[in-house]
Amino acid sequence: MTTDFGARMTEIMKMSKKNVDLEKIKLAAREIRGGKLVVFPTETVYGIGADAFNTKACRDIFRVKNRAADNPLIVHISDFEQLDAITYVDGELREKIRRLWPNPITFILKRKKIPDVVTAGMDTVAVRMPNNRIALSLIRESHTPIAAPSANISTFPSATEAKHAIEDFNGKVSVIIDGGRSKFGIESTVIDVSRKPYRLLRPGAFEIGDAEKVLGDIIIPKEVNKTVNKAKVLSPGMKYRHYSPRKPLFLFENFRDMKAASDYLLHKNLKFAVISPEDYAHFFYKTRIITLGSIENPISISKNLFRSFRRLDIEEVDFGLISKMRLKKFDLAVRNRLEKAAGKNKVRNLKKFIESFH
Ligand code: AMP
Ligand code: MG
């Protein structure tokens with residue numbers, strides 16, 4: 001399918017990750033080499049990619065995403081030769097990274113030559129080897145590392161299926177590769193290994209405990225779960241509003257509070273939706289409900305999270321409710337996305353929340 005949007009056309013390439021269509025990948029790779037943008041699937045979320053050595057193409061990513069220029073990009077690689085082209089990393093650390101990749105884990109490393117636009121002028125670069133055959137094949141065929149942030153307009157929820165990327169970028173990129181739904185549905189875990197002690201900069205789809213088994217102790221800074229408004233932060237991404245639906249999303253401390261609030265709002269005849277794991281759905285049978293997966297199966301929660309935020313925006317409701325939850329896996333990452341998505345709409349005091357609707 002090709003969609004004409006005035007001067008620019010976006011080619012939608014559908015393929016299965018089990019059976020990668022190499023001919024199509026080669027066409028997409030040619031666009032990357034020609035300085036164009038290609039949206040592609042990874043195991044975390046969809047990425048919007050450009051040749052990491054092409055300054056102009058990388059600037060285009062910032063422009064179409066409306067991304068702040070001081071928020072650097074993750075560079076995606078398919079082999080260690082590409083790693084050596086952009087970073088200095090050897091010895092023990094290199095072996096550890098080799099054991100951990102390909103996986104949803106991004107390392108901050110000392111940079112070599114790589115355009116300033118990619119690293120936002122920092123002396124480090126973020127690198128990841130994705131664990132998705134379409135992504136790896138695209139990078140390999142492009143013969144260059146691909147700089148790629150998540151394929152969404154900045155501050156809004158990441159794309160976890162091609163449909164979302166089409167909503168945001170049709171007519172603005174050369175190719176969108178549709179490789180089905182993202183396996184994890186949340187972004188990679190970002191760890192700064194450029195200096196010791198190693199630090200977590202963003203919780204994500206790779207468990208910190210599993211990374212520590214290989215890397216040793218990793219510090220979890222308290223800033224990780226806050227939107228820090230200081231100019232000097234550990235990772236530029238911490239400064240910004242992120243992952244948010246367009247409609248207000250109220251984050252509750254627990255399901256009991258959310259149930260009490262929901263009952264009150266129903267009685268007031270307000271139009272809202274509850275985003276809830278199916279385990280608690282029976283509490284909310286009278287309201288519009290958007291179900292995540294089951295708390296017993298954490299990947300079903302992470303996989304559906306951003307999709308539920310986008311769903312909220314198209315439902316005929318004015319706002320959404322969601323509650324914190326305890327997960328056996330992805331707990332820190334999901335909590336982080338909930339906190340950021342809710343922004344100022346955190347409900348710490350149920351009584352005050354209810355009174356605000358009097
Ligand atoms: P995104 O690509 O949108 O998923 O976000 C990439 C994340 O990695 C952002 O939070 C960036 O701030 C962070 N990041 C990228 N490069 C660096 C770097 N050199 N140092 C610290 N954080 C980085
Ligand atoms: Mg992003």
# chains A, B, ... in the order shown; residues from 1 in each chain; ligands from 1
>>> residues_around(residues="Ala85 (chain A)", least_positions_apart="2", cutoff="8 Å", atoms="only C-alpha atoms", output="PDB file with N, CA, C and O atoms, in the first residue's frame")
ATOM      1  N   GLU A  81      31.352  -4.632  14.888  1.00  0.00           N
ATOM      2  CA  GLU A  81      32.139  -3.734  14.039  1.00  0.00           C
ATOM      3  C   GLU A  81      31.503  -2.330  14.077  1.00  0.00           C
ATOM      4  O   GLU A  81      32.201  -1.322  14.153  1.00  0.00           O
ATOM      5  N   GLN A  82      30.175  -2.315  14.015  1.00  0.00           N
ATOM      6  CA  GLN A  82      29.470  -1.030  14.087  1.00  0.00           C
ATOM      7  C   GLN A  82      29.662  -0.394  15.464  1.00  0.00           C
ATOM      8  O   GLN A  82      29.783   0.829  15.578  1.00  0.00           O
ATOM      9  N   LEU A  83      29.705  -1.238  16.498  1.00  0.00           N
ATOM     10  CA  LEU A  83      29.940  -0.704  17.847  1.00  0.00           C
ATOM     11  C   LEU A  83      31.296   0.003  17.887  1.00  0.00           C
ATOM     12  O   LEU A  83      31.413   1.110  18.421  1.00  0.00           O
ATOM     13  N   THR A  87      32.069   3.796  19.257  1.00  0.00           N
ATOM     14  CA  THR A  87      32.424   3.888  20.686  1.00  0.00           C
ATOM     15  C   THR A  87      33.809   3.307  20.959  1.00  0.00           C
ATOM     16  O   THR A  87      34.354   2.565  20.156  1.00  0.00           O
ATOM     17  N   LYS A 112      32.885   7.849  19.873  1.00  0.00           N
ATOM     18  CA  LYS A 112      33.894   8.169  18.875  1.00  0.00           C
ATOM     19  C   LYS A 112      33.275   9.189  17.945  1.00  0.00           C
ATOM     20  O   LYS A 112      32.440   9.986  18.366  1.00  0.00           O
ATOM     21  N   LYS A 113      33.606   9.102  16.651  1.00  0.00           N
ATOM     22  CA  LYS A 113      33.018  10.063  15.717  1.00  0.00           C
ATOM     23  C   LYS A 113      31.567   9.665  15.425  1.00  0.00           C
ATOM     24  O   LYS A 113      31.286   8.585  14.938  1.00  0.00           O
TER      25      LYS A 113
END
>>> closest_atom_pairs(of="chain A", to="ligand 1", cutoff="6 Å", atoms="only C-alpha atoms and all ligand atoms", output="Markdown table")
| residue | atom | partner | partner_atom_place_in_ligand_line | distance |
| --- | --- | --- | --- | --- |
| A:Asn71 | CA | ligand 1 | 12 (O) | 5.0 |
| A:Pro72 | CA | ligand 1 | 15 (C) | 4.4 |
| A:Leu73 | CA | ligand 1 | 15 (C) | 4.9 |
| A:Ile74 | CA | ligand 1 | 2 (O) | 5.2 |
| A:Ile108 | CA | ligand 1 | 19 (N) | 5.7 |
| A:Thr119 | CA | ligand 1 | 19 (N) | 5.5 |
| A:Met122 | CA | ligand 1 | 19 (N) | 5.8 |
| A:Thr124 | CA | ligand 1 | 19 (N) | 4.3 |
| A:Val125 | CA | ligand 1 | 19 (N) | 4.1 |
| A:Ala126 | CA | ligand 1 | 16 (N) | 4.3 |
| A:Pro149 | CA | ligand 1 | 2 (O) | 3.2 |
| A:Ser150 | CA | ligand 1 | 3 (O) | 4.8 |
| A:Glu187 | CA | ligand 1 | 4 (O) | 5.9 |
| A:Ser235 | CA | ligand 1 | 22 (N) | 3.9 |
| A:Pro236 | CA | ligand 1 | 12 (O) | 4.0 |
| A:Gly237 | CA | ligand 1 | 12 (O) | 3.3 |
>>> residues_around(residues="Lys65 (chain A)", least_positions_apart="3", cutoff="8 Å", atoms="only C-alpha atoms", output="ChimeraX atom specification")
/A:61-62,151-154
>>> closest_residue(among="A:Arg337, A:Lys96, A:Lys352, A:His76", to="ligand 2", atoms="only C-alpha atoms and all ligand atoms")
A:Arg337
>>> closest_residue(among="A:Ser174, A:Thr155, A:Ser244, A:Asn304", to="ligand 2", atoms="only C-alpha atoms and all ligand atoms")
A:Thr155
>>> closest_residue(among="A:Thr10, A:Asn131, A:Thr287, A:Thr55", to="Thr42 (chain A)", atoms="only C-alpha atoms")
A:Asn131
>>> residues_around(residues="Ala148 (chain A)", least_positions_apart="5", cutoff="6 Å", atoms="only C-alpha atoms", output="list in words")
Gly47, Ile48, Gly49 and Ile74 of chain A
>>> select_by_dssp(residues="region 7-206 of chain A", states="strand (DSSP E)", output="PyMOL selection string")
chain A and resi 8-14+38-40+47-51+74-76+105-110+124-128+146-147+175-178+189-192+199-202
>>> residues_around(residues="Gly204 (chain A)", least_positions_apart="6", cutoff="9 Å", atoms="only C-alpha atoms", output="CSV table (one decimal) with all heavy atoms, in the first residue's frame")
chain,number,residue,atom,x,y,z
A,44,THR,N,11.0,-3.8,21.5
A,44,THR,CA,10.4,-2.9,22.5
A,44,THR,C,9.2,-2.1,22.0
A,44,THR,O,8.1,-2.4,22.3
A,44,THR,CB,11.5,-2.0,23.0
A,44,THR,OG1,12.1,-1.2,21.9
A,44,THR,CG2,12.6,-2.7,23.7
A,104,PRO,N,16.6,-6.0,24.9
A,104,PRO,CA,16.1,-4.6,25.1
A,104,PRO,C,16.9,-3.8,26.2
A,104,PRO,O,16.4,-3.4,27.2
A,104,PRO,CB,14.7,-4.8,25.6
A,104,PRO,CG,14.6,-6.2,26.1
A,104,PRO,CD,15.7,-7.0,25.4
A,105,ILE,N,18.2,-3.7,26.0
A,105,ILE,CA,19.1,-3.0,26.9
A,105,ILE,C,20.1,-2.1,26.1
A,105,ILE,O,20.7,-2.5,25.2
A,105,ILE,CB,19.9,-4.1,27.8
A,105,ILE,CG1,20.8,-3.4,28.8
A,105,ILE,CG2,20.6,-5.1,27.0
A,105,ILE,CD1,21.2,-4.3,29.9
A,186,ILE,N,7.2,-1.7,25.8
A,186,ILE,CA,7.8,-0.6,26.5
A,186,ILE,C,9.3,-0.5,26.0
A,186,ILE,O,9.8,-1.5,25.5
A,186,ILE,CB,7.8,-0.7,28.1
A,186,ILE,CG1,8.2,-2.1,28.5
A,186,ILE,CG2,6.4,-0.4,28.6
A,186,ILE,CD1,8.3,-2.3,30.0
A,187,GLU,N,9.9,0.6,26.3
A,187,GLU,CA,11.2,0.9,25.7
A,187,GLU,C,12.3,0.1,26.5
A,187,GLU,O,12.1,-0.5,27.5
A,187,GLU,CB,11.6,2.4,25.8
A,187,GLU,CG,10.6,3.3,25.0
A,187,GLU,CD,9.3,3.6,25.6
A,187,GLU,OE1,9.1,3.0,26.8
A,187,GLU,OE2,8.5,4.3,25.1
A,188,SER,N,13.5,0.2,25.9
A,188,SER,CA,14.7,-0.5,26.5
A,188,SER,C,15.1,0.0,27.8
A,188,SER,O,14.8,1.2,28.1
A,188,SER,CB,15.9,-0.4,25.5
A,188,SER,OG,16.3,0.9,25.3
A,189,THR,N,15.8,-0.8,28.6
A,189,THR,CA,16.4,-0.4,29.8
A,189,THR,C,17.7,0.4,29.4
A,189,THR,O,18.5,-0.1,28.6
A,189,THR,CB,16.8,-1.6,30.7
A,189,THR,OG1,15.5,-2.3,30.9
A,189,THR,CG2,17.5,-1.3,32.0
A,190,VAL,N,17.9,1.6,30.0
A,190,VAL,CA,19.1,2.4,29.6
A,190,VAL,C,20.1,2.4,30.8
A,190,VAL,O,19.7,2.8,31.9
A,190,VAL,CB,18.8,3.8,29.2
A,190,VAL,CG1,20.1,4.6,28.8
A,190,VAL,CG2,17.8,3.8,28.0
A,330,PHE,N,9.0,-6.2,35.1
A,330,PHE,CA,8.7,-4.9,34.5
A,330,PHE,C,8.1,-3.9,35.5
A,330,PHE,O,7.5,-2.9,35.1
A,330,PHE,CB,7.8,-5.0,33.3
A,330,PHE,CG,8.2,-6.0,32.3
A,330,PHE,CD1,7.2,-7.0,31.9
A,330,PHE,CD2,9.5,-6.2,31.8
A,330,PHE,CE1,7.6,-8.0,31.0
A,330,PHE,CE2,9.8,-7.2,30.9
A,330,PHE,CZ,8.9,-8.1,30.5
A,332,LEU,N,9.3,-1.8,37.8
A,332,LEU,CA,9.9,-0.4,37.8
A,332,LEU,C,9.6,0.3,36.5
A,332,LEU,O,9.2,1.5,36.5
A,332,LEU,CB,11.4,-0.5,38.0
A,332,LEU,CG,12.2,0.7,38.5
A,332,LEU,CD1,11.6,1.3,39.7
A,332,LEU,CD2,13.6,0.3,38.7
A,333,ALA,N,9.7,-0.4,35.4
A,333,ALA,CA,9.5,0.2,34.1
A,333,ALA,C,8.0,0.6,33.9
A,333,ALA,O,7.7,1.7,33.5
A,333,ALA,CB,9.8,-0.8,33.0
A,334,VAL,N,7.1,-0.2,34.3
A,334,VAL,CA,5.6,0.1,34.2
A,334,VAL,C,5.3,1.3,35.1
A,334,VAL,O,4.6,2.2,34.7
A,334,VAL,CB,4.7,-1.1,34.4
A,334,VAL,CG1,3.3,-0.7,34.5
A,334,VAL,CG2,4.9,-2.1,33.2
A,336,ASN,N,7.3,3.6,36.1
A,336,ASN,CA,7.9,4.8,35.5
A,336,ASN,C,7.0,5.3,34.4
A,336,ASN,O,6.7,6.6,34.3
A,336,ASN,CB,9.3,4.4,35.0
A,336,ASN,CG,9.9,5.4,34.1
A,336,ASN,OD1,9.7,5.4,32.9
A,336,ASN,ND2,10.7,6.3,34.7
>>> closest_residue(among="A:Ser323, A:Asn19, A:Asn66, A:Asn269", to="ligand 2", atoms="only C-alpha atoms and all ligand atoms")
A:Asn66
>>> residues_around(residues="region 297-300 of chain A", least_positions_apart="3", cutoff="8 Å", atoms="only C-alpha atoms", output="MDAnalysis selection string")
chainID A and resid 184 292:294 303:304 327:330
>>> residues_around(residues="Ala162 (chain A)", least_positions_apart="4", cutoff="7 Å", atoms="only C-alpha atoms", output="list in words")
Ile166, Asp178 and Gly180 of chain A
>>> closest_residue(among="A:Tyr46, A:Phe272, A:Phe80, A:Phe169", to="ligand 2", atoms="only C-alpha atoms and all ligand atoms")
A:Tyr46
>>> atom_distance(atom1="CA of Val75 (chain A)", atom2="CA of Lys196 (chain A)")
21.8 Å
>>> closest_residue(among="A:Ile86, A:Ala28, A:Met238, A:Val274", to="ligand 2", atoms="only C-alpha atoms and all ligand atoms")
A:Met238
>>> decode(residues="region 310-322 of chain A", atoms="N, CA and C atoms", output="PDB file, in the first residue's frame")
ATOM      1  N   ARG A 310      -3.435   5.166  23.810  1.00  0.00           N
ATOM      2  CA  ARG A 310      -3.933   5.651  22.515  1.00  0.00           C
ATOM      3  C   ARG A 310      -5.423   5.379  22.376  1.00  0.00           C
ATOM      4  N   ARG A 311      -5.865   4.278  22.931  1.00  0.00           N
ATOM      5  CA  ARG A 311      -7.292   3.906  22.923  1.00  0.00           C
ATOM      6  C   ARG A 311      -8.107   4.981  23.668  1.00  0.00           C
ATOM      7  N   LEU A 312      -7.582   5.397  24.823  1.00  0.00           N
ATOM      8  CA  LEU A 312      -8.254   6.424  25.622  1.00  0.00           C
ATOM      9  C   LEU A 312      -8.521   7.673  24.784  1.00  0.00           C
ATOM     10  N   ASP A 313      -7.537   8.031  23.972  1.00  0.00           N
ATOM     11  CA  ASP A 313      -7.675   9.248  23.165  1.00  0.00           C
ATOM     12  C   ASP A 313      -8.747   9.147  22.084  1.00  0.00           C
ATOM     13  N   ILE A 314      -9.086   7.937  21.639  1.00  0.00           N
ATOM     14  CA  ILE A 314     -10.118   7.836  20.595  1.00  0.00           C
ATOM     15  C   ILE A 314     -11.493   7.464  21.145  1.00  0.00           C
ATOM     16  N   GLU A 315     -11.561   7.064  22.407  1.00  0.00           N
ATOM     17  CA  GLU A 315     -12.858   6.777  23.026  1.00  0.00           C
ATOM     18  C   GLU A 315     -13.630   8.083  23.244  1.00  0.00           C
ATOM     19  N   GLU A 316     -14.958   7.970  23.285  1.00  0.00           N
ATOM     20  CA  GLU A 316     -15.757   9.173  23.553  1.00  0.00           C
ATOM     21  C   GLU A 316     -15.865   9.434  25.046  1.00  0.00           C
ATOM     22  N   VAL A 317     -14.711   9.758  25.622  1.00  0.00           N
ATOM     23  CA  VAL A 317     -14.656  10.078  27.054  1.00  0.00           C
ATOM     24  C   VAL A 317     -13.768  11.311  27.209  1.00  0.00           C
ATOM     25  N   ASP A 318     -13.843  11.927  28.391  1.00  0.00           N
ATOM     26  CA  ASP A 318     -13.070  13.161  28.600  1.00  0.00           C
ATOM     27  C   ASP A 318     -11.741  12.932  29.309  1.00  0.00           C
ATOM     28  N   PHE A 319     -11.653  11.821  30.056  1.00  0.00           N
ATOM     29  CA  PHE A 319     -10.406  11.539  30.779  1.00  0.00           C
ATOM     30  C   PHE A 319     -10.363  10.065  31.163  1.00  0.00           C
ATOM     31  N   GLY A 320      -9.211   9.639  31.698  1.00  0.00           N
ATOM     32  CA  GLY A 320      -9.046   8.240  32.083  1.00  0.00           C
ATOM     33  C   GLY A 320      -8.568   8.083  33.511  1.00  0.00           C
ATOM     34  N   LEU A 321      -8.798   6.895  34.066  1.00  0.00           N
ATOM     35  CA  LEU A 321      -8.293   6.546  35.396  1.00  0.00           C
ATOM     36  C   LEU A 321      -7.432   5.294  35.261  1.00  0.00           C
ATOM     37  N   ILE A 322      -6.353   5.258  36.028  1.00  0.00           N
ATOM     38  CA  ILE A 322      -5.513   4.058  36.046  1.00  0.00           C
ATOM     39  C   ILE A 322      -4.916   3.941  37.445  1.00  0.00           C
TER      40      ILE A 322
END
